[in-house]
Protein chains: 2
Amino acid sequence: MNDIKLLFEPRSIAVVGASKDPKKIGHTFIKNILASGYAGKLYPINPAGGDVLGLQAYPDINAIDGAVDMVCTTIPARFVYDSVKACADRGVKYNVIITSGFSEIGDIATERKIADYAASRGMRVVGPNVFGVYSAEARMDATFGPGGIMPGSVAIVTQSGALGLAMIGKSKVENIGLSAIVSIGNKCDIDEADLLEYLTDQERTRVILMYIEGIKDGDRFIEAVKKATKKKPVVVIKSGRSERGAVAAASHTGSLAGSDEIIDAILRQNGVIRADTIQQAFDWCKYLGNSPAPTGDQAVIITNGGGIGVMATDACEKYDIELYDDGKKLKEMFSPVTPSFGSTKNPIDITGGAAGAEYNSALSVALDAKEIGASIALYCETSTFLAADLEKVLEQNHNSYELKKKPLLFAIVGGEDIENAIVKLGRKNVPVFGDVDEAVACLGKLYWYHRYLRYHSELYEDAAVPVAAITEICTNAIKQDRYFLLAHEAQKIMDLVGIPVPKSYIARNLDEAITCAEKCGYPVVMKVVSRDIIHKSDAGGVALDLEDRNEVIDAYQAIMQSCRAYKHDAKIEGVEIAEMLKKEVETIIGARRDQTFGPVIMFGLGGIYVEVMKDVAFRALPLSRREILNMIKETRSYPLLLGVRGEEQKDIDAVIAVIIKLGALISKCPAISDIEINPLMVYEQNKGAKAVDVRILLAKDERSTT
Amino acid sequence: MNDIKLLFEPRSIAVVGASKDPKKIGHTFIKNILASGYAGKLYPINPAGGDVLGLQAYPDINAIDGAVDMVCTTIPARFVYDSVKACADRGVKYNVIITSGFSEIGDIATERKIADYAASRGMRVVGPNVFGVYSAEARMDATFGPGGIMPGSVAIVTQSGALGLAMIGKSKVENIGLSAIVSIGNKCDIDEADLLEYLTDQERTRVILMYIEGIKDGDRFIEAVKKATKKKPVVVIKSGRSERGAVAAASHTGSLAGSDEIIDAILRQNGVIRADTIQQAFDWCKYLGNSPAPTGDQAVIITNGGGIGVMATDACEKYDIELYDDGKKLKEMFSPVTPSFGSTKNPIDITGGAAGAEYNSALSVALDAKEIGASIALYCETSTFLAADLEKVLEQNHNSYELKKKPLLFAIVGGEDIENAIVKLGRKNVPVFGDVDEAVACLGKLYWYHRYLRYHSELYEDAAVPVAAITEICTNAIKQDRYFLLAHEAQKIMDLVGIPVPKSYIARNLDEAITCAEKCGYPVVMKVVSRDIIHKSDAGGVALDLEDRNEVIDAYQAIMQSCRAYKHDAKIEGVEIAEMLKKEVETIIGARRDQTFGPVIMFGLGGIYVEVMKDVAFRALPLSRREILNMIKETRSYPLLLGVRGEEQKDIDAVIAVIIKLGALISKCPAISDIEINPLMVYEQNKGAKAVDVRILLAKDERSTT
């Protein structure tokens, strides 16, 4: 496997299909590579020969003398396979296939053939159906984009070529410098995960922006993204929210989740910031790439107008930003810098009369206050504080906050002068927005990401799983051509991993019945065991709610008598003695191997809550204890576990323990594809939880039952 | 009461506090009024005399000869009352009090005094604490804003002065002409409702934008806004979403709702488009003010890039826009204008090679197709279709769509040229956006508003209420110093309005018991009636589930026997015979007189759904049948009424009937402040619903019990 670094820092590039004709993509490639200042070797390839933009064209790849790290293939689709073959044979490391017209229009076979041949010779492929690669590190614009990319610290990985090219343009407008931009198109070989690995370690890249439509190899992607978010923010636009049913609904668990719900949960769980729009993504990348971390959990709003302050307060709630609200301290801090008819409650209202001096004073107080972790300053245009002064004041304060490493954002609303100030300051990377919501959203994402960083390093929970014994049960079932387990098999597996199920024993005589009842603990249920008696109730073969030894004796005798009377020749093997289950809070826990993301866990409150309210939460494994609790808390019906209507709190720890064990089971036993406990009956604190009904499905893919 | 028209079209204006000093607000007023081209009479008032910007200043209001329709008061707070008094005595029609320092900083008394005096002399007051009034109709900028307001068709009513001034500036940047802008500040007299009445009928105003922090007189506001939205779109920014508890929680119903939930429901119900940010509000006002109505329910997306098409599809789902999806027809229509490697599925992908001609063809097809009600065109910057051509094509298509009155919006993404095109086209009111979400949101709001218009004129439901009889029950309770009704009183009221309650009769002997049981319908419950027997069950005085006449006879005799044995001297008055209720779907219906909005209705599924999941919906009365059904459908647990797990559908019509009757009851009986039916047991279709438990609270305000 080649070092992915060579894709971003190739020592030599050949462009297959390089052309004199400025309308051809092969021309644009040579032009952009030359214009970007690429220092390595560049070989135009064109069977017609001649020169392209002053460079001698080679007739084919074999005509080139030295090694070629990267090839950009720009020739028509029907010629691509042969060209790829030649490059692979020639020892090219990376082939970026620009050409479209493969799997995206249905020609999967040719694409597969290309990928397979390349793989067989150790050549990696980007695309097909891409616009190329830009890398600031190599000063290389190997794309057919508009050129003039500003080098910087944001790396973009995009599945859509058209959108990627438009983003190149937009990045310039937004004054966002790029460390790299790569389009991955049909992903016949290289995918997001490969690129993430390089970008995670590359110093120049401070933020990664990805546009994704579909994820193929989810667990590799998760692994890569998890590593990336530990080092730098990753902002993802994942489109196709409204597409449903990518994951076939093998079990109840699956049928509940449009795949977007799972993706959304998994992205969040792994520290990814998900944006809905390109503008959001750009705003957040720019801000998170430049801002220091908050110095504390609580922020302050400083404003010259009440209305805009209220709007910012609403937005802080929306984006989960805590506002500092110690009224006494706020008064101490801010009353020296606030007029008497203003307000020192957060938002601090320094009133419409405030100009530069007043903003400076108030922002300095907030900067110096240890209690305050970040500041948001708002400005409604007034005649007292004009745009020219405003610009200076904003820039100065931005600089002092930057120096002391505390976040500060501005939202300013007004006319032409204000709009111009936003543009000018934006070019200097001062975070100033024309809308309160946009500013607060940026700070919200910053807080969110740093909260994630604080917890990401927590240990994952694990549990022992006797894999051999479990696999044996599964293998036996498959031998009988069954891909689901029978109740007693599923119970056996629960026993093996230590998930409590209701106790139940078979007693062959009265003495044993008594012993079994004592083992279960009263009250118990007694049922006749006989192959000859199908309808046990009709035969008088069932007794409920037996509360002590005497009731067990009476019931045993009554059952024997009734059953014999019911069917005198019935062979009675004994009775089943089982715990009589109290009804409590019913939960549902599912675990499945998702086609895209590997093992995932679902939690919800049982019955109607799951079926009607779709009130469930998802996570990908492995999980820390905190994440498990977060998942449980995410459901709207969570208060039922805390106890409502004066009830006691339920045993949430027991639920967590079951989730840990179920997670370990699905992760370690590839023979199992789906497990659903429904209901898991949860009792009061310290009284545990019991898996009343367990359904286990087996994987049909033979590779996974080895 | 003066005609509100004179506030927007005064024949003469006096400015109290007019000044030579350009730094004073009283100077800015004269300057702005003169600059805006006001044609009426203008009187500066200043005791110092002299001239202000070439106009002779008058020492006081009485020194002016002619009538004065409007006064703008700009003097310090302590002088305001005397000045207002003089103006009121002088017969001034409107006094716009710019000065701040009244109720907003706690001085409620002076403000009240001002309002009362003005009212006593028939003078209406705007403010205090406002920036003034701009009216395009009168070419009058009577504000201390930046001047240079562009006349147009959007009217702005704002509670926040600072934000309003900033919006004046922003309206120019966004090329939005204003028909009026008024700040209403402390609203000591004139409020949103007064202004809405004028703006609703004023031809020039095509859209109304309101910034609201608090609503004082909710039912008047609703009345006014309801009339307004029938004629033109109303966009409201209501801030303070995160503020809770404005409505004291007298009953369960109230305690469930942060007031914002109620406000949100009521705004929606009355056709108001609620915006979260100023940018949204401006975008929507501009678009809805200029766009024709959709010509059909389904829209089409035309794009040159797949990725951006997917994002637009997501956004259409988010903003509730249906996409036309008859694949066969789409192919027929669009394949002549789409390359073979494009897509004729909606989104129509005319591919990255598309330039002007291709956009023109595709957009023409969509324009001419009767099946398509609106078009969204997307463009990712490419080298084949450059910004200069793009501008022309967009403008042309905009014009042809405008001519044929079909909505068309553009979202275009790219670099500097694209940004410039957005600005240029924006100035020509071509709806073109830099972000897919913004464009789709505009179309979504347009669809939403026109759907509202289609249904708003439906009849409100009403029901007969015997007010006198009900009021008598309430008055009797109040005489006993009770502000809640006893169970039998509440049941009596249910009977009076025709809401079914479980049947129940008192029988004094066996014959009566049998007759009563037949009246109830089997099965019935029988309970002893005796003041001497407190614990009826202990005494053997209760029999459940009596299924026929014989069981009633047996139970009657058993109860008499047991009770006599239990307490031989007990005086037994008879037995209560009641329906034995089947447990079915439990709902909760609340009706209350909201302090702000008057009568409101709440609906939810009973028990845990309400308590834990807060799964309830609100509406203000009166309601059409469709709105009632919408309210019911809004709850997440609605599927329970449709029947889950193979159950039959429940009697939703019966629920609607109860809501109609409860609505009529709370609307017509001012003695009642809160009613809660919990649960209303809902049976299968055609089997009705029963109010099992009813709690009624009475109004403590004596005015309402007359």
# chains A, B, ... in the order shown; residues from 1 in each chain; ligands from 1
>>> residues_around(residues="Ile412 of chain A", least_positions_apart="3", cutoff="7 Å", atoms="only C-alpha atoms", output="list in words")
Leu378, Tyr379, Cys380, Phe433, Gly434 and Asp435 of chain A
>>> closest_atom_pairs(of="chain A", to="chain B", cutoff="7 Å", atoms="only C-alpha atoms", output="JSON lines")
{"residue": "A:Ile105", "atom": "CA", "partner": "B:Phe341", "partner_atom": "CA", "distance": 6.4}
{"residue": "A:Ser160", "atom": "CA", "partner": "B:Gly307", "partner_atom": "CA", "distance": 5.3}
{"residue": "A:Ala162", "atom": "CA", "partner": "B:Gly305", "partner_atom": "CA", "distance": 5.4}
{"residue": "A:Leu163", "atom": "CA", "partner": "B:Cys380", "partner_atom": "CA", "distance": 6.0}
{"residue": "A:Leu165", "atom": "CA", "partner": "B:Glu381", "partner_atom": "CA", "distance": 6.9}
{"residue": "A:Ala166", "atom": "CA", "partner": "B:Gly414", "partner_atom": "CA", "distance": 4.2}
{"residue": "A:Met167", "atom": "CA", "partner": "B:Gly414", "partner_atom": "CA", "distance": 6.1}
{"residue": "A:Gly169", "atom": "CA", "partner": "B:Gly415", "partner_atom": "CA", "distance": 3.5}
{"residue": "A:Lys170", "atom": "CA", "partner": "B:Gly415", "partner_atom": "CA", "distance": 4.4}
{"residue": "A:Lys172", "atom": "CA", "partner": "B:Gly415", "partner_atom": "CA", "distance": 6.4}
{"residue": "A:Val173", "atom": "CA", "partner": "B:Glu416", "partner_atom": "CA", "distance": 5.5}
{"residue": "A:Ser239", "atom": "CA", "partner": "B:Met311", "partner_atom": "CA", "distance": 5.6}
{"residue": "A:Gly240", "atom": "CA", "partner": "B:Val310", "partner_atom": "CA", "distance": 5.9}
{"residue": "A:Arg241", "atom": "CA", "partner": "B:Asp314", "partner_atom": "CA", "distance": 5.9}
{"residue": "A:Ser242", "atom": "CA", "partner": "B:Asp314", "partner_atom": "CA", "distance": 5.4}
{"residue": "A:Thr277", "atom": "CA", "partner": "B:Asp437", "partner_atom": "CA", "distance": 6.5}
{"residue": "A:Ile278", "atom": "CA", "partner": "B:Asp435", "partner_atom": "CA", "distance": 6.9}
{"residue": "A:Gln279", "atom": "CA", "partner": "B:Asp435", "partner_atom": "CA", "distance": 6.6}
{"residue": "A:Gly305", "atom": "CA", "partner": "B:Ala162", "partner_atom": "CA", "distance": 5.4}
{"residue": "A:Gly307", "atom": "CA", "partner": "B:Ser160", "partner_atom": "CA", "distance": 5.3}
{"residue": "A:Ile308", "atom": "CA", "partner": "B:Leu163", "partner_atom": "CA", "distance": 6.5}
{"residue": "A:Val310", "atom": "CA", "partner": "B:Gly240", "partner_atom": "CA", "distance": 5.9}
{"residue": "A:Met311", "atom": "CA", "partner": "B:Ser239", "partner_atom": "CA", "distance": 5.6}
{"residue": "A:Asp314", "atom": "CA", "partner": "B:Ser242", "partner_atom": "CA", "distance": 5.4}
{"residue": "A:Glu317", "atom": "CA", "partner": "B:Ser242", "partner_atom": "CA", "distance": 6.8}
{"residue": "A:Phe341", "atom": "CA", "partner": "B:Ile105", "partner_atom": "CA", "distance": 6.5}
{"residue": "A:Gly352", "atom": "CA", "partner": "B:Ala162", "partner_atom": "CA", "distance": 6.8}
{"residue": "A:Cys380", "atom": "CA", "partner": "B:Ala166", "partner_atom": "CA", "distance": 5.3}
{"residue": "A:Glu381", "atom": "CA", "partner": "B:Ala166", "partner_atom": "CA", "distance": 5.0}
{"residue": "A:Val413", "atom": "CA", "partner": "B:Ala166", "partner_atom": "CA", "distance": 5.6}
{"residue": "A:Gly414", "atom": "CA", "partner": "B:Ala166", "partner_atom": "CA", "distance": 4.2}
{"residue": "A:Gly415", "atom": "CA", "partner": "B:Gly169", "partner_atom": "CA", "distance": 3.5}
{"residue": "A:Glu416", "atom": "CA", "partner": "B:Val173", "partner_atom": "CA", "distance": 5.5}
{"residue": "A:Asp435", "atom": "CA", "partner": "B:Gln279", "partner_atom": "CA", "distance": 6.6}
{"residue": "A:Asp437", "atom": "CA", "partner": "B:Thr277", "partner_atom": "CA", "distance": 6.5}
{"residue": "A:Val612", "atom": "CA", "partner": "B:Ser637", "partner_atom": "CA", "distance": 6.3}
{"residue": "A:Met613", "atom": "CA", "partner": "B:Arg636", "partner_atom": "CA", "distance": 6.0}
{"residue": "A:Arg636", "atom": "CA", "partner": "B:Met613", "partner_atom": "CA", "distance": 6.0}
{"residue": "A:Ser637", "atom": "CA", "partner": "B:Met613", "partner_atom": "CA", "distance": 6.0}
{"residue": "A:Pro639", "atom": "CA", "partner": "B:Val612", "partner_atom": "CA", "distance": 6.3}
>>> residues_around(residues="segment 398-411 of chain A", least_positions_apart="2", cutoff="7 Å", atoms="only C-alpha atoms", output="JSON, numbers by chain")
{"A": [291, 292, 293, 294, 295, 367, 373, 374, 375, 376, 377, 378, 379, 394, 395, 396, 413, 430, 431, 432, 433, 434, 435, 436, 439]}
>>> write_last_selection(atoms="C-alpha atoms", output="CSV table (one decimal), in the first residue's frame")
chain,number,residue,atom,x,y,z
A,291,SER,CA,-10.8,30.6,17.7
A,292,PRO,CA,-9.2,29.7,21.0
A,293,ALA,CA,-11.0,27.3,23.3
A,294,PRO,CA,-13.5,28.8,25.8
A,295,THR,CA,-11.9,29.5,29.1
A,367,LEU,CA,-12.0,39.5,29.2
A,373,GLY,CA,-15.5,31.7,29.4
A,374,ALA,CA,-16.5,33.6,26.2
A,375,SER,CA,-18.1,36.9,25.0
A,376,ILE,CA,-20.6,37.7,22.4
A,377,ALA,CA,-20.9,41.4,21.6
A,378,LEU,CA,-23.9,42.8,19.8
A,379,TYR,CA,-24.4,46.1,18.0
A,394,LEU,CA,-14.0,45.4,17.0
A,395,GLU,CA,-10.6,44.7,15.6
A,396,GLN,CA,-8.8,45.9,18.8
A,413,VAL,CA,-27.0,44.8,12.4
A,430,VAL,CA,-12.4,38.9,12.9
A,431,PRO,CA,-15.5,36.8,13.7
A,432,VAL,CA,-18.2,39.3,12.9
A,433,PHE,CA,-21.7,38.3,11.6
A,434,GLY,CA,-24.7,40.2,10.3
A,435,ASP,CA,-27.1,37.9,12.1
A,436,VAL,CA,-27.3,37.0,15.8
A,439,ALA,CA,-22.7,34.3,15.6
>>> closest_residue(among="A:Val133, A:Leu53, A:Ala18, A:Val393", to="Gly147 of chain A", atoms="only C-alpha atoms")
A:Val133
>>> select_by_dssp(residues="segment 666-695 of chain B", states="strand (DSSP E or B)", output="PyMOL selection string")
chain B and resi 672-682+684+689-691+694-695
>>> write_last_selection(atoms="N, CA and C atoms", output="short mmCIF file (atom, residue, chain, number, x, y, z; two decimals), in the first residue's frame")
data_model
loop_
_atom_site.label_atom_id
_atom_site.label_comp_id
_atom_site.auth_asym_id
_atom_site.auth_seq_id
_atom_site.Cartn_x
_atom_site.Cartn_y
_atom_site.Cartn_z
N ILE B 672 -66.27 30.57 34.35
CA ILE B 672 -65.33 29.44 34.39
C ILE B 672 -63.98 29.88 33.85
N SER B 673 -62.91 29.55 34.57
CA SER B 673 -61.58 29.91 34.07
C SER B 673 -60.82 28.72 33.50
N ASP B 674 -61.05 27.53 34.04
CA ASP B 674 -60.29 26.34 33.62
C ASP B 674 -61.18 25.11 33.64
N ILE B 675 -61.07 24.31 32.61
CA ILE B 675 -61.74 23.02 32.62
C ILE B 675 -60.72 21.98 32.19
N GLU B 676 -60.71 20.87 32.87
CA GLU B 676 -59.84 19.80 32.40
C GLU B 676 -60.59 18.48 32.46
N ILE B 677 -60.67 17.81 31.32
CA ILE B 677 -61.22 16.46 31.29
C ILE B 677 -60.04 15.52 31.21
N ASN B 678 -59.85 14.71 32.23
CA ASN B 678 -58.68 13.84 32.28
C ASN B 678 -58.99 12.61 33.12
N PRO B 679 -59.22 11.48 32.52
CA PRO B 679 -59.18 11.24 31.07
C PRO B 679 -60.54 11.42 30.40
N LEU B 680 -60.46 11.72 29.10
CA LEU B 680 -61.60 11.51 28.23
C LEU B 680 -61.33 10.15 27.59
N MET B 681 -62.15 9.16 27.96
CA MET B 681 -61.92 7.81 27.46
C MET B 681 -62.52 7.72 26.06
N VAL B 682 -61.70 7.33 25.09
CA VAL B 682 -62.16 7.32 23.70
C VAL B 682 -62.31 5.88 23.22
N GLU B 684 -63.94 2.82 20.37
CA GLU B 684 -63.79 2.56 18.94
C GLU B 684 -64.76 3.40 18.12
N ALA B 689 -67.03 8.78 23.22
CA ALA B 689 -65.99 9.09 24.19
C ALA B 689 -66.67 9.53 25.46
N LYS B 690 -66.04 9.29 26.60
CA LYS B 690 -66.67 9.66 27.87
C LYS B 690 -65.72 10.42 28.77
N ALA B 691 -66.24 11.49 29.35
CA ALA B 691 -65.46 12.32 30.26
C ALA B 691 -65.49 11.66 31.64
N VAL B 694 -63.71 15.21 35.52
CA VAL B 694 -63.79 16.59 35.03
C VAL B 694 -63.48 17.53 36.19
N ARG B 695 -62.51 18.43 35.98
CA ARG B 695 -62.21 19.43 37.00
C ARG B 695 -62.52 20.80 36.42
#
>>> residues_around(residues="Ala388 of chain B", least_positions_apart="2", cutoff="10 Å", atoms="only C-alpha atoms", output="PyMOL selection string")
chain B and resi 385-386+390-393+417-418+420-421
>>> select_by_dssp(residues="segment 144-219 of chain A", states="helix (DSSP H, G or I)", output="PyMOL selection string")
chain A and resi 161-173+192-201+218-219
>>> write_last_selection(atoms="N, CA, C and O atoms", output="CSV table (one decimal), in the first residue's frame")
chain,number,residue,atom,x,y,z
A,161,GLY,N,-18.4,16.6,-7.0
A,161,GLY,CA,-17.5,17.4,-7.7
A,161,GLY,C,-18.0,18.8,-8.0
A,161,GLY,O,-17.3,19.8,-7.7
A,162,ALA,N,-19.2,18.9,-8.5
A,162,ALA,CA,-19.7,20.3,-8.8
A,162,ALA,C,-19.8,21.2,-7.6
A,162,ALA,O,-19.4,22.3,-7.6
A,163,LEU,N,-20.2,20.6,-6.5
A,163,LEU,CA,-20.3,21.4,-5.2
A,163,LEU,C,-18.9,21.7,-4.8
A,163,LEU,O,-18.6,22.8,-4.3
A,164,GLY,N,-17.9,20.8,-4.9
A,164,GLY,CA,-16.5,21.1,-4.6
A,164,GLY,C,-16.0,22.2,-5.3
A,164,GLY,O,-15.3,23.1,-4.7
A,165,LEU,N,-16.2,22.3,-6.6
A,165,LEU,CA,-15.7,23.4,-7.4
A,165,LEU,C,-16.3,24.7,-7.0
A,165,LEU,O,-15.7,25.7,-6.9
A,166,ALA,N,-17.6,24.6,-6.7
A,166,ALA,CA,-18.3,25.9,-6.2
A,166,ALA,C,-17.8,26.3,-4.9
A,166,ALA,O,-17.6,27.5,-4.6
A,167,MET,N,-17.4,25.3,-4.1
A,167,MET,CA,-16.8,25.6,-2.8
A,167,MET,C,-15.4,26.3,-2.9
A,167,MET,O,-15.1,27.1,-2.1
A,168,ILE,N,-14.7,25.9,-3.9
A,168,ILE,CA,-13.4,26.5,-4.2
A,168,ILE,C,-13.6,28.0,-4.3
A,168,ILE,O,-13.0,28.9,-3.7
A,169,GLY,N,-14.6,28.4,-5.2
A,169,GLY,CA,-15.0,29.8,-5.4
A,169,GLY,C,-15.4,30.4,-4.1
A,169,GLY,O,-14.9,31.5,-3.8
A,170,LYS,N,-16.3,29.8,-3.4
A,170,LYS,CA,-16.9,30.4,-2.2
A,170,LYS,C,-15.8,30.6,-1.1
A,170,LYS,O,-15.9,31.5,-0.4
A,171,SER,N,-14.8,29.7,-1.1
A,171,SER,CA,-13.8,29.8,0.0
A,171,SER,C,-13.0,31.1,-0.2
A,171,SER,O,-12.6,31.7,0.8
A,172,LYS,N,-12.9,31.5,-1.5
A,172,LYS,CA,-12.2,32.8,-1.7
A,172,LYS,C,-13.0,33.9,-1.2
A,172,LYS,O,-12.6,34.9,-0.6
A,173,VAL,N,-14.3,33.9,-1.6
A,173,VAL,CA,-15.2,35.0,-1.1
A,173,VAL,C,-15.2,35.1,0.4
A,173,VAL,O,-15.3,36.2,1.0
A,192,GLU,N,-13.2,8.5,2.1
A,192,GLU,CA,-13.0,9.5,3.2
A,192,GLU,C,-12.0,9.1,4.2
A,192,GLU,O,-11.1,9.9,4.7
A,193,ALA,N,-12.1,7.8,4.6
A,193,ALA,CA,-11.2,7.3,5.7
A,193,ALA,C,-9.7,7.4,5.4
A,193,ALA,O,-8.9,7.9,6.2
A,194,ASP,N,-9.4,7.1,4.1
A,194,ASP,CA,-8.0,7.2,3.7
A,194,ASP,C,-7.5,8.6,3.8
A,194,ASP,O,-6.4,8.8,4.3
A,195,LEU,N,-8.3,9.5,3.3
A,195,LEU,CA,-7.9,10.9,3.3
A,195,LEU,C,-7.8,11.5,4.7
A,195,LEU,O,-6.9,12.3,5.1
A,196,LEU,N,-8.8,11.1,5.5
A,196,LEU,CA,-8.8,11.6,6.9
A,196,LEU,C,-7.5,11.2,7.6
A,196,LEU,O,-7.0,12.0,8.4
A,197,GLU,N,-7.0,10.0,7.4
A,197,GLU,CA,-5.8,9.6,8.1
A,197,GLU,C,-4.7,10.6,7.9
A,197,GLU,O,-4.0,11.0,8.8
A,198,TYR,N,-4.5,11.0,6.6
A,198,TYR,CA,-3.4,12.0,6.3
A,198,TYR,C,-3.7,13.3,6.9
A,198,TYR,O,-2.9,13.9,7.5
A,199,LEU,N,-5.0,13.8,6.7
A,199,LEU,CA,-5.3,15.1,7.1
A,199,LEU,C,-5.3,15.3,8.6
A,199,LEU,O,-5.0,16.4,9.1
A,200,THR,N,-5.5,14.2,9.3
A,200,THR,CA,-5.5,14.3,10.8
A,200,THR,C,-4.1,14.6,11.3
A,200,THR,O,-3.9,15.4,12.2
A,201,ASP,N,-3.1,14.0,10.6
A,201,ASP,CA,-1.7,14.2,11.1
A,201,ASP,C,-1.1,15.4,10.5
A,201,ASP,O,0.0,15.9,10.9
A,218,GLY,N,-18.5,2.0,6.9
A,218,GLY,CA,-18.8,2.8,8.0
A,218,GLY,C,-17.8,2.7,9.2
A,218,GLY,O,-17.4,3.6,9.8
A,219,ASP,N,-17.5,1.4,9.5
A,219,ASP,CA,-16.6,1.3,10.7
A,219,ASP,C,-15.2,1.8,10.5
A,219,ASP,O,-14.6,2.4,11.4
>>> residues_around(residues="segment 477-494 of chain A", least_positions_apart="4", cutoff="9 Å", atoms="only C-alpha atoms", output="number ranges by chain")
A: 469-470, 472-473, 498-501, 662, 691, 693-700
>>> atom_distance(atom1="atom CA of Asp65 of chain A", atom2="atom CA of Tyr43 of chain A")
10.2 Å
>>> closest_residue(among="B:Glu137, B:Glu358, B:Asp191, B:Asp462", to="Val157 of chain B", atoms="only C-alpha atoms")
B:Asp191
>>> residues_around(residues="Ala517 of chain B", least_positions_apart="3", cutoff="10 Å", atoms="only C-alpha atoms", output="ChimeraX atom specification")
/B:503-505,507,511-514,520-526,546-549,552,576-579
